[in-house]
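Student: So here's my_file-v5.txt (compact mmCIF, C-alpha atoms and all ligand atoms).
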# COMPACT_ATOMS: atom_id res chain seq x y z
CA MET X 190 54.72 -25.84 45.63
CA ALA X 191 51.19 -25.75 46.99
CA TYR X 192 49.79 -22.94 49.09
CA ARG X 193 46.52 -23.12 50.98
CA VAL X 194 44.50 -20.21 52.35
CA GLY X 195 41.88 -20.33 55.11
CA ILE X 196 39.39 -17.84 56.52
CA GLY X 197 37.79 -17.67 59.96
CA PHE X 198 35.19 -15.50 61.65
CA ASP X 199 33.72 -15.39 65.14
CA ILE X 200 31.63 -13.10 67.31
CA HIS X 201 30.93 -13.27 71.05
CA ARG X 202 28.65 -11.30 73.33
CA LEU X 203 30.23 -8.91 75.87
CA VAL X 204 28.77 -9.38 79.34
CA GLU X 205 29.52 -8.44 82.92
CA ASP X 206 31.30 -10.77 85.36
CA ARG X 207 33.57 -12.27 82.71
CA THR X 208 37.28 -11.73 82.13
CA LEU X 209 38.11 -10.28 78.72
CA VAL X 210 40.71 -12.50 77.02
CA LEU X 211 41.79 -11.79 73.45
CA ALA X 212 44.54 -13.75 71.67
CA GLY X 213 45.35 -15.27 75.06
CA VAL X 214 45.96 -11.84 76.64
CA ARG X 215 43.89 -10.59 79.58
CA VAL X 216 42.57 -7.12 78.81
CA PRO X 217 41.33 -5.05 81.78
CA PHE X 218 37.71 -4.07 81.09
CA GLU X 219 34.41 -4.02 82.94
CA LYS X 220 33.02 -6.79 80.73
CA GLY X 221 34.26 -10.02 79.17
CA LEU X 222 33.20 -12.32 76.35
CA LEU X 223 30.44 -14.80 77.02
CA GLY X 224 31.27 -18.32 76.00
CA HIS X 225 31.36 -21.92 77.11
CA SER X 226 35.16 -21.65 76.88
CA ASP X 227 36.96 -18.41 77.75
CA GLY X 228 35.24 -16.84 74.71
CA ASP X 229 38.51 -15.78 73.04
CA VAL X 230 37.01 -14.61 69.76
CA VAL X 231 40.41 -13.90 68.14
CA VAL X 232 41.70 -17.41 68.80
CA HIS X 233 38.44 -19.01 67.64
CA ALA X 234 38.55 -17.15 64.32
CA LEU X 235 42.21 -18.08 63.90
CA CYS X 236 41.63 -21.78 64.68
CA ASP X 237 38.89 -21.89 62.05
CA ALA X 238 41.15 -20.21 59.51
CA ILE X 239 43.86 -22.85 60.05
CA LEU X 240 41.35 -25.72 59.90
CA GLY X 241 39.79 -24.12 56.81
CA ALA X 242 43.16 -23.96 55.07
CA LEU X 243 43.63 -27.66 55.83
CA ALA X 244 40.06 -28.36 54.61
CA ARG X 245 39.33 -30.12 57.89
CA ASP X 246 36.48 -29.63 60.35
CA ASP X 247 35.90 -26.53 62.47
CA ILE X 248 36.41 -25.71 66.13
CA GLY X 249 32.67 -26.00 66.80
CA SER X 250 32.76 -29.72 65.99
CA ARG X 251 36.14 -30.25 67.64
CA TYR X 252 35.47 -28.34 70.85
CA PRO X 253 31.67 -28.41 71.20
CA ASP X 254 30.09 -25.91 73.58
CA THR X 255 28.03 -28.78 74.98
CA ALA X 256 31.08 -30.79 76.13
CA GLU X 257 32.31 -30.82 79.70
CA PHE X 258 35.99 -30.73 78.68
CA THR X 259 35.56 -27.37 76.95
CA ARG X 260 33.85 -25.65 79.90
CA GLY X 261 35.95 -22.63 80.86
CA MET X 262 38.67 -23.92 78.52
CA ASN X 263 41.67 -21.73 77.75
CA SER X 264 41.26 -21.28 74.00
CA MET X 265 45.04 -21.05 73.56
CA LEU X 266 45.10 -24.81 74.18
CA MET X 267 42.82 -25.26 71.18
CA LEU X 268 45.18 -23.16 69.07
CA GLU X 269 48.24 -25.07 70.28
CA GLU X 270 46.61 -28.41 69.44
CA ILE X 271 45.47 -27.28 66.00
CA ALA X 272 48.84 -25.66 65.19
CA LYS X 273 50.55 -28.91 66.18
CA GLU X 274 48.53 -30.74 63.53
CA LEU X 275 50.32 -28.74 60.85
CA GLY X 276 53.32 -30.73 62.01
CA PRO X 277 55.72 -31.83 59.32
CA THR X 278 53.28 -31.34 56.44
CA HIS X 279 52.56 -27.59 56.45
CA GLU X 280 54.11 -24.34 57.58
CA ILE X 281 52.36 -21.06 58.31
CA ILE X 282 53.51 -18.36 55.90
CA ASN X 283 51.49 -15.62 57.60
CA MET X 284 48.26 -14.84 59.40
CA ASP X 285 46.29 -11.60 59.33
CA ILE X 286 43.63 -10.84 61.92
CA ASN X 287 41.02 -8.11 62.31
CA CYS X 288 39.49 -7.63 65.74
CA ILE X 289 36.38 -5.45 65.56
CA CYS X 290 35.77 -3.88 68.94
CA GLU X 291 34.33 -0.54 69.99
CA LYS X 292 35.68 -0.61 73.55
CA PRO X 293 38.14 -1.03 75.16
CA ARG X 294 41.00 0.40 73.13
CA LEU X 295 43.12 -2.61 72.22
CA SER X 296 46.19 -1.20 70.46
CA PRO X 297 48.25 -1.11 73.71
CA PHE X 298 47.90 -4.92 73.78
CA ARG X 299 48.86 -5.57 70.16
CA ASP X 300 52.44 -6.71 70.79
CA ALA X 301 51.41 -8.98 73.65
CA MET X 302 48.72 -10.56 71.45
CA VAL X 303 51.09 -11.09 68.50
CA ASN X 304 53.68 -12.68 70.79
CA SER X 305 51.08 -14.86 72.47
CA LEU X 306 49.82 -16.19 69.10
CA ALA X 307 53.40 -16.65 67.86
CA ARG X 308 54.24 -18.80 70.91
CA ALA X 309 51.15 -20.97 70.51
CA CYS X 310 51.76 -21.48 66.78
CA ARG X 311 55.56 -21.76 67.16
CA ILE X 312 56.27 -19.18 64.47
CA GLU X 313 58.03 -15.82 64.36
CA PRO X 314 55.92 -12.81 65.41
CA GLU X 315 56.82 -11.19 62.07
CA ARG X 316 54.42 -13.64 60.39
CA ILE X 317 51.44 -12.40 62.41
CA SER X 318 49.39 -9.24 62.01
CA VAL X 319 46.70 -8.25 64.51
CA LYS X 320 44.69 -5.16 63.60
CA PHE X 321 41.94 -3.40 65.52
CA ARG X 322 39.06 -1.35 64.30
CA THR X 323 35.86 -0.01 65.74
CA HIS X 324 32.43 -0.49 64.20
CA GLU X 325 31.79 3.27 64.06
CA GLY X 326 29.16 2.99 66.79
CA LEU X 327 26.93 0.90 64.54
CA GLY X 328 24.97 -2.18 65.60
CA PRO X 329 25.73 -4.54 68.50
CA ILE X 330 29.51 -4.29 68.07
CA GLY X 331 29.29 -0.51 67.96
CA SER X 332 27.34 -0.43 71.22
CA SER X 333 29.89 -2.75 72.91
CA GLU X 334 27.47 -5.68 73.14
CA ALA X 335 29.87 -7.89 71.20
CA ILE X 336 33.38 -8.26 69.81
CA ALA X 337 34.08 -9.96 66.47
CA ALA X 338 37.22 -11.23 64.76
CA GLN X 339 38.24 -12.22 61.25
CA ALA X 340 41.34 -14.22 60.40
CA VAL X 341 43.10 -15.25 57.21
CA VAL X 342 45.92 -17.79 57.21
CA LEU X 343 48.26 -18.80 54.40
CA LEU X 344 49.91 -22.23 54.62
CA ARG X 345 52.57 -23.81 52.47
CA GLU X 346 52.67 -27.56 51.93
CA LEU X 347 56.10 -28.93 52.75
CA ASP X 348 57.83 -31.56 50.65
CA SER X 349 57.55 -34.94 52.30
MG MG Y 1 33.68 -18.74 69.49
Go ahead and express the file in the form of structure tokens.
Ligand code: MG
Tutor:
Amino acid sequence: MAYRVGIGFDIHRLVEDRTLVLAGVRVPFEKGLLGHSDGDVVVHALCDAILGALARDDIGSRYPDTAEFTRGMNSMLMLEEIAKELGPTHEIINMDINCICEKPRLSPFRDAMVNSLARACRIEPERISVKFRTHEGLGPIGSSEAIAAQAVVLLRELDS
């Protein structure tokens, strides 16, 4: 029985006049994440973790920020497409995510984020952990200039 692990990381700048979307959930805040797509840093880290576990490419090459089709794109569509690729060959055992964000406070949105990711990946919410931590006021994340995310995914190869 083969297991495969993948890791993903992403960071986006927080700017005014953007909607803050994390794990596909709109979070009310005075700023949002800058990006060619919707800037969903949690989903980007998670997509890269899945692709990493499969030893495939990364979302940067798949959804380039220079392409017209990715402009303003809902990142949940990227996750749905990538999760679909697991298809009959792999199943997700679990995924564990850190979102590093000074403001706003995200814990009230945890369940909505877990459920949103579970729907996109077609797995039970019990297989998904989303954790939040601040950066203790240090650096660009600590001064709310950016939000970062880390993701780890464990896959199991299915018998064919
Ligand atoms: Mg990104």
Student: Please find the residues contacting ligand MG 1 (chain Y) at a distance of at most 10 Å between atoms, with only C-alpha atoms and all ligand atoms counted, and report them as a ChimeraX atom specification.
Tutor: /X:198-202,222-234,236-237,248-249,252,254,264,337-338
Student: May I have the residues within 12 Å of X:Ala272 as a PyMOL selection string, using all atoms listed in the file and disregarding those fewer than 4 positions away in the same chain?
Tutor: chain X and resi 232+235-240+242-243+265-268+276-281+306-312+342+344
Student: At what distance in Å, to one decimal, does atom CA of X:Ile286 lie from atom CA of X:Arg251?
Tutor: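 If I compute the distance from atom CA of X:Arg251 to atom CA of X:Ile286, I get 21.6 Å.
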Student: Could you please determine the separation between atom CA of X:Leu209 and atom CA of X:Cys290 in Å, to one decimal place?
Tutor: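 Here the two named atoms are 11.9 Å from each other.
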Student: In Å, with one decimal, what is the gap from atom CA of X:Asp246 to atom CA of X:Met302?
Tutor: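 Here the two named atoms are 25.2 Å from each other.
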Student: Which residue is closest to X:Ile271? Choose from X:Ser318, X:Gln339, X:Asp285, X:Asp247 and count all atoms listed in the file.
Tutor: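 Ranking X:Ser318, X:Gln339, X:Asp285, X:Asp247 by distance to X:Ile271, first place goes to X:Asp247.
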Student: Tell me which of X:Ala244, X:Ser296, X:Val319, X:Glu313 sits closest to X:Val194, counting all atoms listed in the file.
Tutor: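 Closest candidate: X:Ala244.
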Student: Choose the residue, out of X:Gly221, X:Pro253, X:Pro314, X:Gly213, that has the smallest atom-to-atom separation from X:Glu334; count only C-alpha atoms.
Tutor: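 Comparing X:Gly221, X:Pro253, X:Pro314, X:Gly213 against X:Glu334, the winner is X:Gly221.
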Student: What would the list of residues within 6 Å of (29.0, -8.8, 80.8) (file frame) look like as a VMD selection string, if only C-alpha atoms are what count?
Tutor: chain X and resid 203 to 206 220 to 221
Student: Using only C-alpha atoms, can you tell me which of X:Ala256, X:Leu327, X:Met262, X:Ile336 comes closest to X:Ile289?
Tutor: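 Result for the nearest residue to X:Ile289: X:Ile336.
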Student: Nearest residue to X:Pro329 out of X:Arg345, X:Arg299, X:Lys292, X:Arg260, using all atoms listed in the file?
Tutor: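 Going through X:Arg345, X:Arg299, X:Lys292, X:Arg260 one by one, the smallest distance to X:Pro329 is for X:Lys292.
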Student: With 6 Å of padding per side, what axis-aligned box (centre and edge lengths, Å, one decimal) covers all the listed atoms of stretch 256-271 of chain X? Give it as JSON.
Tutor:
{"center_x": 39.7, "center_y": -25.9, "center_z": 73.4, "size_x": 29.2, "size_y": 21.8, "size_z": 26.9}
Student: Using all atoms listed in the file, which residues sit within 9 Å of X:Val216 once same-chain residues fewer than 3 positions away are excluded, as a PDB file with C-alpha atoms, keeping the file's coordinate frame?
Tutor:
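Saved file selection_23.pdb follows:
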ATOM      1  CA  THR X 208      37.280 -11.730  82.130  1.00  0.00           C
ATOM      2  CA  LEU X 209      38.110 -10.280  78.720  1.00  0.00           C
ATOM      3  CA  VAL X 210      40.710 -12.500  77.020  1.00  0.00           C
ATOM      4  CA  LEU X 211      41.790 -11.790  73.450  1.00  0.00           C
ATOM      5  CA  GLY X 221      34.260 -10.020  79.170  1.00  0.00           C
ATOM      6  CA  PRO X 293      38.140  -1.030  75.160  1.00  0.00           C
ATOM      7  CA  LEU X 295      43.120  -2.610  72.220  1.00  0.00           C
ATOM      8  CA  PHE X 298      47.900  -4.920  73.780  1.00  0.00           C
TER       9      PHE X 298
END
Student: Using the incomplete input, complete stretch 212-236 of chain X to the level of N, CA, C and O atoms; output as a PDB file, in the frame of the given file.
Tutor:
ATOM      1  N   ALA X 212      43.254 -13.196  72.119  1.00  0.00           N
ATOM      2  CA  ALA X 212      44.540 -13.750  71.670  1.00  0.00           C
ATOM      3  C   ALA X 212      45.361 -14.243  72.865  1.00  0.00           C
ATOM      4  O   ALA X 212      46.588 -14.130  72.880  1.00  0.00           O
ATOM      5  N   GLY X 213      44.673 -14.734  73.884  1.00  0.00           N
ATOM      6  CA  GLY X 213      45.350 -15.270  75.060  1.00  0.00           C
ATOM      7  C   GLY X 213      45.826 -14.210  76.034  1.00  0.00           C
ATOM      8  O   GLY X 213      46.497 -14.536  77.018  1.00  0.00           O
ATOM      9  N   VAL X 214      45.504 -12.951  75.790  1.00  0.00           N
ATOM     10  CA  VAL X 214      45.960 -11.840  76.640  1.00  0.00           C
ATOM     11  C   VAL X 214      44.768 -11.290  77.422  1.00  0.00           C
ATOM     12  O   VAL X 214      43.721 -10.986  76.840  1.00  0.00           O
ATOM     13  N   ARG X 215      44.924 -11.181  78.740  1.00  0.00           N
ATOM     14  CA  ARG X 215      43.890 -10.590  79.580  1.00  0.00           C
ATOM     15  C   ARG X 215      43.882  -9.080  79.375  1.00  0.00           C
ATOM     16  O   ARG X 215      44.910  -8.426  79.535  1.00  0.00           O
ATOM     17  N   VAL X 216      42.714  -8.552  79.050  1.00  0.00           N
ATOM     18  CA  VAL X 216      42.570  -7.120  78.810  1.00  0.00           C
ATOM     19  C   VAL X 216      41.671  -6.545  79.904  1.00  0.00           C
ATOM     20  O   VAL X 216      40.514  -6.964  80.019  1.00  0.00           O
ATOM     21  N   PRO X 217      42.166  -5.618  80.720  1.00  0.00           N
ATOM     22  CA  PRO X 217      41.330  -5.050  81.780  1.00  0.00           C
ATOM     23  C   PRO X 217      40.138  -4.304  81.190  1.00  0.00           C
ATOM     24  O   PRO X 217      40.316  -3.411  80.363  1.00  0.00           O
ATOM     25  N   PHE X 218      38.934  -4.707  81.588  1.00  0.00           N
ATOM     26  CA  PHE X 218      37.710  -4.070  81.090  1.00  0.00           C
ATOM     27  C   PHE X 218      36.578  -4.488  82.018  1.00  0.00           C
ATOM     28  O   PHE X 218      36.669  -5.507  82.699  1.00  0.00           O
ATOM     29  N   GLU X 219      35.509  -3.713  82.013  1.00  0.00           N
ATOM     30  CA  GLU X 219      34.410  -4.020  82.940  1.00  0.00           C
ATOM     31  C   GLU X 219      33.555  -5.203  82.481  1.00  0.00           C
ATOM     32  O   GLU X 219      32.729  -5.698  83.238  1.00  0.00           O
ATOM     33  N   LYS X 220      33.764  -5.645  81.248  1.00  0.00           N
ATOM     34  CA  LYS X 220      33.020  -6.790  80.730  1.00  0.00           C
ATOM     35  C   LYS X 220      33.983  -7.793  80.106  1.00  0.00           C
ATOM     36  O   LYS X 220      35.134  -7.466  79.828  1.00  0.00           O
ATOM     37  N   GLY X 221      33.480  -8.999  79.861  1.00  0.00           N
ATOM     38  CA  GLY X 221      34.260 -10.020  79.170  1.00  0.00           C
ATOM     39  C   GLY X 221      33.375 -10.732  78.164  1.00  0.00           C
ATOM     40  O   GLY X 221      32.170 -10.480  78.095  1.00  0.00           O
ATOM     41  N   LEU X 222      33.969 -11.636  77.394  1.00  0.00           N
ATOM     42  CA  LEU X 222      33.200 -12.320  76.350  1.00  0.00           C
ATOM     43  C   LEU X 222      32.519 -13.563  76.892  1.00  0.00           C
ATOM     44  O   LEU X 222      33.136 -14.394  77.546  1.00  0.00           O
ATOM     45  N   LEU X 223      31.228 -13.644  76.606  1.00  0.00           N
ATOM     46  CA  LEU X 223      30.440 -14.800  77.020  1.00  0.00           C
ATOM     47  C   LEU X 223      30.800 -15.986  76.149  1.00  0.00           C
ATOM     48  O   LEU X 223      30.944 -15.852  74.936  1.00  0.00           O
ATOM     49  N   GLY X 224      30.953 -17.132  76.769  1.00  0.00           N
ATOM     50  CA  GLY X 224      31.270 -18.320  76.000  1.00  0.00           C
ATOM     51  C   GLY X 224      31.344 -19.511  76.919  1.00  0.00           C
ATOM     52  O   GLY X 224      31.523 -19.355  78.123  1.00  0.00           O
ATOM     53  N   HIS X 225      31.207 -20.688  76.351  1.00  0.00           N
ATOM     54  CA  HIS X 225      31.360 -21.920  77.110  1.00  0.00           C
ATOM     55  C   HIS X 225      32.832 -22.079  77.512  1.00  0.00           C
ATOM     56  O   HIS X 225      33.155 -22.459  78.625  1.00  0.00           O
ATOM     57  N   SER X 226      33.723 -21.727  76.574  1.00  0.00           N
ATOM     58  CA  SER X 226      35.160 -21.650  76.880  1.00  0.00           C
ATOM     59  C   SER X 226      35.432 -20.249  77.426  1.00  0.00           C
ATOM     60  O   SER X 226      34.531 -19.598  77.928  1.00  0.00           O
ATOM     61  N   ASP X 227      36.662 -19.773  77.284  1.00  0.00           N
ATOM     62  CA  ASP X 227      36.960 -18.410  77.750  1.00  0.00           C
ATOM     63  C   ASP X 227      36.442 -17.348  76.778  1.00  0.00           C
ATOM     64  O   ASP X 227      36.590 -16.158  77.023  1.00  0.00           O
ATOM     65  N   GLY X 228      35.865 -17.778  75.651  1.00  0.00           N
ATOM     66  CA  GLY X 228      35.240 -16.840  74.710  1.00  0.00           C
ATOM     67  C   GLY X 228      36.236 -16.030  73.884  1.00  0.00           C
ATOM     68  O   GLY X 228      35.877 -14.972  73.363  1.00  0.00           O
ATOM     69  N   ASP X 229      37.461 -16.533  73.746  1.00  0.00           N
ATOM     70  CA  ASP X 229      38.510 -15.780  73.040  1.00  0.00           C
ATOM     71  C   ASP X 229      38.210 -15.768  71.524  1.00  0.00           C
ATOM     72  O   ASP X 229      38.587 -16.666  70.775  1.00  0.00           O
ATOM     73  N   VAL X 230      37.547 -14.706  71.118  1.00  0.00           N
ATOM     74  CA  VAL X 230      37.010 -14.610  69.760  1.00  0.00           C
ATOM     75  C   VAL X 230      38.142 -14.568  68.711  1.00  0.00           C
ATOM     76  O   VAL X 230      37.992 -15.102  67.601  1.00  0.00           O
ATOM     77  N   VAL X 231      39.277 -13.978  69.069  1.00  0.00           N
ATOM     78  CA  VAL X 231      40.410 -13.900  68.140  1.00  0.00           C
ATOM     79  C   VAL X 231      40.958 -15.303  67.875  1.00  0.00           C
ATOM     80  O   VAL X 231      41.184 -15.703  66.722  1.00  0.00           O
ATOM     81  N   VAL X 232      41.140 -16.061  68.950  1.00  0.00           N
ATOM     82  CA  VAL X 232      41.700 -17.410  68.800  1.00  0.00           C
ATOM     83  C   VAL X 232      40.711 -18.317  68.063  1.00  0.00           C
ATOM     84  O   VAL X 232      41.118 -19.134  67.232  1.00  0.00           O
ATOM     85  N   HIS X 233      39.426 -18.167  68.334  1.00  0.00           N
ATOM     86  CA  HIS X 233      38.440 -19.010  67.640  1.00  0.00           C
ATOM     87  C   HIS X 233      38.457 -18.749  66.131  1.00  0.00           C
ATOM     88  O   HIS X 233      38.421 -19.688  65.327  1.00  0.00           O
ATOM     89  N   ALA X 234      38.506 -17.476  65.753  1.00  0.00           N
ATOM     90  CA  ALA X 234      38.550 -17.150  64.320  1.00  0.00           C
ATOM     91  C   ALA X 234      39.830 -17.708  63.692  1.00  0.00           C
ATOM     92  O   ALA X 234      39.806 -18.259  62.583  1.00  0.00           O
ATOM     93  N   LEU X 235      40.930 -17.599  64.420  1.00  0.00           N
ATOM     94  CA  LEU X 235      42.210 -18.080  63.900  1.00  0.00           C
ATOM     95  C   LEU X 235      42.231 -19.604  63.759  1.00  0.00           C
ATOM     96  O   LEU X 235      42.711 -20.138  62.754  1.00  0.00           O
ATOM     97  N   CYS X 236      41.707 -20.307  64.749  1.00  0.00           N
ATOM     98  CA  CYS X 236      41.630 -21.780  64.680  1.00  0.00           C
ATOM     99  C   CYS X 236      40.830 -22.203  63.450  1.00  0.00           C
ATOM    100  O   CYS X 236      41.225 -23.126  62.724  1.00  0.00           O
TER     101      CYS X 236
END
